[in-house]
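Structure file start-v8.csv with CSV, C-alpha atoms and all ligand atoms:
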```csv
chain,number,residue,atom,x,y,z
A,16,MET,CA,3.2,-16.2,-5.9
A,17,PHE,CA,2.1,-12.6,-6.5
A,18,CYS,CA,-1.4,-12.2,-7.7
A,19,GLY,CA,-0.5,-9.1,-9.8
A,20,LYS,CA,-3.3,-7.1,-8.5
A,21,ILE,CA,-2.5,-3.7,-7.0
A,22,PRO,CA,-5.1,-2.4,-4.6
A,23,PRO,CA,-6.7,1.0,-5.6
A,24,SER,CA,-5.1,4.0,-4.1
A,25,GLY,CA,-6.2,4.8,-0.6
A,26,GLN,CA,-7.1,1.2,0.2
A,27,ASN,CA,-4.0,0.7,2.4
A,28,ASP,CA,-1.6,2.7,4.5
A,29,ILE,CA,1.1,3.0,1.8
A,30,GLU,CA,1.6,6.5,0.6
A,31,ASN,CA,0.3,7.1,-2.8
A,32,PRO,CA,3.3,8.0,-5.0
A,33,ALA,CA,1.2,9.8,-7.5
A,34,THR,CA,0.4,12.6,-5.0
A,35,THR,CA,3.9,12.9,-3.7
A,36,PRO,CA,6.1,15.8,-4.8
A,37,PRO,CA,9.0,14.3,-6.7
A,38,LYS,CA,11.8,16.4,-5.0
A,39,GLN,CA,10.7,15.8,-1.5
A,40,GLN,CA,13.6,14.4,0.6
A,41,THR,CA,13.4,11.7,3.3
A,42,SER,CA,15.5,12.1,6.4
A,43,PHE,CA,18.1,9.9,4.7
A,44,GLY,CA,18.4,12.2,1.8
A,45,ILE,CA,16.8,9.8,-0.7
A,46,THR,CA,14.1,11.2,-3.0
A,47,ARG,CA,10.8,9.5,-2.6
A,48,ARG,CA,10.8,8.9,-6.3
A,49,ALA,CA,13.8,6.7,-5.8
A,50,MET,CA,11.8,4.6,-3.4
A,51,LEU,CA,8.9,4.0,-5.8
A,52,PRO,CA,10.1,0.6,-6.9
A,53,VAL,CA,10.2,-0.5,-3.2
A,54,SER,CA,6.7,0.9,-2.6
A,55,GLY,CA,5.5,-1.1,-5.6
A,56,ILE,CA,6.9,-4.3,-4.3
A,57,ALA,CA,5.3,-3.7,-0.9
A,58,VAL,CA,1.9,-3.1,-2.6
A,59,LEU,CA,2.3,-6.3,-4.5
A,60,MET,CA,3.2,-8.2,-1.3
A,61,LEU,CA,0.2,-6.7,0.5
A,62,GLY,CA,-2.0,-7.7,-2.4
A,63,SER,CA,-0.8,-11.3,-2.4
A,64,HIS,CA,-1.3,-11.5,1.4
A,65,GLN,CA,-4.9,-10.2,1.2
A,66,THR,CA,-5.9,-12.6,-1.5
A,67,ALA,CA,-3.9,-15.7,-0.3
A,68,PRO,CA,-3.5,-15.7,3.5
A,69,ALA,CA,-2.0,-19.2,3.3
A,70,PHE,CA,1.0,-17.9,1.3
A,71,ALA,CA,3.1,-17.1,4.4
A,72,SER,CA,2.5,-20.4,6.1
A,73,GLN,CA,3.3,-22.5,3.0
A,74,SER,CA,7.0,-21.4,3.2
A,75,LEU,CA,7.3,-22.2,7.0
A,76,GLU,CA,9.1,-25.3,8.2
A,77,GLU,CA,6.9,-27.7,10.2
A,78,ILE,CA,7.5,-27.5,13.9
A,79,ARG,CA,8.6,-30.7,15.5
A,80,GLN,CA,6.4,-31.2,18.6
A,81,PRO,CA,7.9,-32.7,21.8
A,82,PRO,CA,6.8,-36.3,22.5
A,83,ASN,CA,5.8,-35.3,26.0
A,84,PRO,CA,4.3,-31.8,26.0
A,85,VAL,CA,5.4,-30.6,29.5
A,86,ALA,CA,7.0,-27.3,30.6
A,87,SER,CA,10.5,-28.8,30.9
A,88,GLU,CA,10.4,-30.0,27.3
A,89,PHE,CA,9.1,-26.7,26.0
A,90,MET,CA,12.0,-25.0,27.8
A,91,ASP,CA,14.4,-27.6,26.2
A,92,ARG,CA,13.1,-26.4,22.8
A,93,ALA,CA,13.7,-22.7,23.8
A,94,PHE,CA,17.3,-23.7,24.6
A,95,GLU,CA,17.6,-25.6,21.3
A,96,MET,CA,16.7,-22.3,19.7
A,97,ARG,CA,19.4,-20.7,21.7
A,98,GLU,CA,21.9,-23.2,20.5
A,99,ILE,CA,21.0,-22.5,16.9
A,100,ALA,CA,21.6,-18.8,17.6
A,101,VAL,CA,25.1,-19.6,18.9
A,102,GLU,CA,25.9,-21.8,15.9
A,103,ARG,CA,24.9,-19.1,13.5
A,104,GLY,CA,26.9,-16.4,15.3
A,105,ASP,CA,23.9,-14.6,16.7
A,106,GLN,CA,23.0,-13.5,20.2
A,107,ALA,CA,22.6,-16.5,22.6
A,108,TYR,CA,18.8,-16.4,23.1
A,109,GLY,CA,15.9,-18.6,22.1
A,110,ALA,CA,12.1,-18.6,22.6
A,111,ILE,CA,9.0,-20.5,21.7
A,112,VAL,CA,5.3,-19.8,21.9
A,113,VAL,CA,2.9,-22.6,23.1
A,114,ARG,CA,-0.9,-22.9,22.8
A,115,ASN,CA,-2.9,-25.9,24.0
A,116,ASN,CA,0.4,-27.9,24.6
A,117,GLN,CA,1.5,-27.4,21.0
A,118,ILE,CA,4.4,-25.2,19.9
A,119,VAL,CA,2.9,-22.7,17.5
A,120,GLY,CA,6.0,-20.4,17.1
A,121,GLN,CA,9.7,-20.6,17.7
A,122,SER,CA,12.8,-18.7,16.9
A,123,TRP,CA,16.4,-17.9,17.9
A,124,SER,CA,17.8,-14.4,18.1
A,125,ARG,CA,18.0,-13.0,14.6
A,126,VAL,CA,19.5,-9.6,15.5
A,127,VAL,CA,22.8,-10.3,13.7
A,128,ILE,CA,21.6,-12.4,10.8
A,129,ASP,CA,18.8,-10.0,10.0
A,130,ARG,CA,20.7,-6.9,10.9
A,131,ASP,CA,17.6,-5.9,13.0
A,132,PRO,CA,18.1,-4.7,16.6
A,133,THR,CA,14.4,-5.7,17.3
A,134,SER,CA,14.7,-9.3,16.2
A,135,HIS,CA,15.2,-10.7,19.6
A,136,ALA,CA,14.3,-14.4,20.0
A,137,GLU,CA,11.0,-13.5,21.7
A,138,MET,CA,10.0,-10.9,19.1
A,139,SER,CA,10.9,-13.3,16.3
A,140,ALA,CA,9.0,-16.2,18.0
A,141,ILE,CA,5.9,-13.9,18.4
A,142,ARG,CA,6.1,-13.0,14.7
A,143,ASP,CA,6.5,-16.7,13.8
A,144,ALA,CA,3.5,-17.7,15.8
A,145,ALA,CA,1.3,-15.0,14.4
A,146,ARG,CA,2.3,-16.0,10.8
A,147,ARG,CA,1.7,-19.7,11.4
A,148,LEU,CA,-1.7,-19.0,13.1
A,149,ASP,CA,-2.5,-16.3,10.6
A,150,ASP,CA,-3.6,-14.2,13.6
A,151,ARG,CA,-2.0,-11.3,15.4
A,152,ASP,CA,-4.0,-12.3,18.6
A,153,LEU,CA,-2.0,-14.9,20.6
A,154,THR,CA,-4.4,-15.1,23.5
A,155,GLY,CA,-4.1,-18.3,25.4
A,156,THR,CA,-0.4,-18.8,24.7
A,157,VAL,CA,2.6,-19.2,27.0
A,158,MET,CA,6.0,-18.0,25.9
A,159,TYR,CA,9.1,-19.9,27.0
A,160,SER,CA,12.4,-18.0,26.8
A,161,SER,CA,16.0,-19.0,27.5
A,162,SER,CA,16.4,-15.8,29.5
A,163,ARG,CA,14.0,-13.3,31.0
A,164,PRO,CA,12.5,-11.2,28.2
A,165,CYS,CA,13.6,-7.6,27.9
A,166,PRO,CA,11.0,-4.8,28.2
A,167,MET,CA,10.6,-4.5,24.4
A,168,CYS,CA,9.8,-8.2,24.1
A,169,GLU,CA,7.6,-8.2,27.2
A,170,ALA,CA,5.6,-5.3,25.7
A,171,ALA,CA,5.3,-7.1,22.4
A,172,ALA,CA,4.0,-10.2,24.3
A,173,PHE,CA,1.5,-7.9,26.0
A,174,TRP,CA,0.2,-6.5,22.7
A,175,ALA,CA,0.0,-10.0,21.3
A,176,GLY,CA,-2.2,-11.2,24.2
A,177,ILE,CA,0.3,-13.8,25.4
A,178,GLY,CA,-0.9,-15.0,28.8
A,179,GLN,CA,2.3,-16.0,30.6
A,180,LEU,CA,6.0,-15.7,30.4
A,181,VAL,CA,8.3,-18.5,31.6
A,182,TYR,CA,12.1,-18.2,31.4
A,183,GLY,CA,15.3,-20.0,32.2
A,184,ARG,CA,16.2,-23.6,33.0
A,185,ASN,CA,14.4,-23.4,36.3
A,186,LEU,CA,11.1,-22.5,34.6
A,187,ASN,CA,10.8,-19.1,36.4
A,188,SER,CA,7.5,-17.5,35.9
A,189,ALA,CA,7.4,-13.7,35.0
A,190,GLY,CA,3.6,-13.8,35.2
A,191,SER,CA,1.5,-12.2,32.5
A,192,PRO,CA,3.4,-9.7,30.4
A,193,LYS,CA,3.1,-6.0,31.3
A,194,LEU,CA,3.6,-2.9,29.2
A,195,CYS,CA,6.0,-1.4,31.6
A,196,CYS,CA,8.3,-3.0,34.2
A,201,ZN,ZN,14.0,-8.7,23.9
```
The structure in this file should be written as structure tokens.
Ligand SMILES: [Zn+2]
Amino acid sequence: MFCGKIPPSGQNDIENPATTPPKQQTSFGITRRAMLPVSGIAVLMLGSHQTAPAFASQSLEEIRQPPNPVASEFMDRAFEMREIAVERGDQAYGAIVVRNNQIVGQSWSRVVIDRDPTSHAEMSAIRDAARRLDDRDLTGTVMYSSSRPCPMCEAAAFWAGIGQLVYGRNLNSAGSPKLCC
């Protein structure tokens, strides 16, 4: 739950509302004052994360590990994620992140359900792994995707430190992720 503490101003990247002119308009025509409640919630959420890093992982469902941790079974799970995407009316993609023969992150495409064009299966699986490991550095992991990751997802995998990309039923290797194709 929220700890109720609000960090002192200047301690994080959130704009300090007290120093913001009230009539200033954003590009969407909304006054910044109208956005104050949203900023407040973000500050509270940041505060709770800083004081209780386990908070995010408590709400995550446990990942079922395959009985035989081999590449084909990891790919099966990526395709299970793809099936979930289809069942939920989302784009037909799934991805998982594996470290030391354990699935540490998994997701289906959430573009439609989250109304977020960046929530590709791979991006969401990277976010899921980082949350579960409580670490943005996913060095030593392999990502299995039902299809070859797009440039956005490959770049995200690069920034996350993922070591190898494997895609498709035939376990094609795309090598280590690169920033630019
Ligand atoms: Zn993508």
(request) Could you please give me, as a list in words, the residues of protein, DNA or RNA lying at most 12 Å from (20.4, -13.2, 11.9) in the coordinate frame of the file, considering only C-alpha atoms? (result)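 Residues found, by chain and rising number: Ile99, Ala100, Val101, Glu102, Arg103, Gly104, Asp105, Gln106, Ala107, Tyr108, Ser122, Trp123, Ser124, Arg125, Val126, Val127, Ile128, Asp129, Arg130, Asp131, Pro132, Thr133, Ser134, His135, Ala136 and Ser139 of chain A.
Of the listed residues A:Asn116, A:Gln121, A:Ser160, A:Asn83, the one whose atoms come nearest to ligand ZN 201 (chain A) is A:Ser160, with distances taken using all atoms listed in the file.
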(message) How would you report the residues lying within 6 Å of ligand ZN 201 (chain A), as a list in words, if you count only C-alpha atoms and all ligand atoms?
(response)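 Those within range of ligand ZN 201 (chain A) are His135, Pro164, Cys165, Met167 and Cys168 of chain A.
Using only C-alpha atoms, the shortest contact distance between Ser188 of chain A and any of A:Arg97, A:Ala140, A:Val157, A:Ala170 is found at A:Val157.
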(message) Between atom CA of Leu148 of chain A and atom CA of Gly176 of chain A, what is the distance in Å, rounded to a tenth?
(response)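 Computing it gives 13.6 Å between the two atoms.
Pairwise distance (atom CA of Ala144 of chain A, atom CA of Lys193 of chain A) equals 19.4 Å.
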(message) Please report the interatomic distance between atom CA of Arg163 of chain A and atom CA of Asp150 of chain A in Å with one decimal.
(response)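 Computing it gives 24.8 Å between the two atoms.
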(message) Within 6 Å of (7.5, -11.4, 24.2) in the file's own coordinates, which protein, DNA or RNA residues have an atom, counting all atoms listed in the file? List them as number ranges by chain.
(response) A: 137-138, 168-169, 171-172
If the box runs along x, y and z of the file and leaves 6 Å on each side of segment 150-169 of chain A, what are its centre and edge lengths in Å, one decimal, as AutoDock Vina command-line options?
```
--center_x 6.0 --center_y -12.2 --center_z 22.3 --size_x 32.8 --size_y 27.4 --size_z 29.4
```
(message) Under the rule that only C-alpha atoms are counted, which of A:Gly155, A:Ala110, A:Ala145, A:Ser162 is the nearest residue to Asn185 of chain A?
(response) A:Ser162
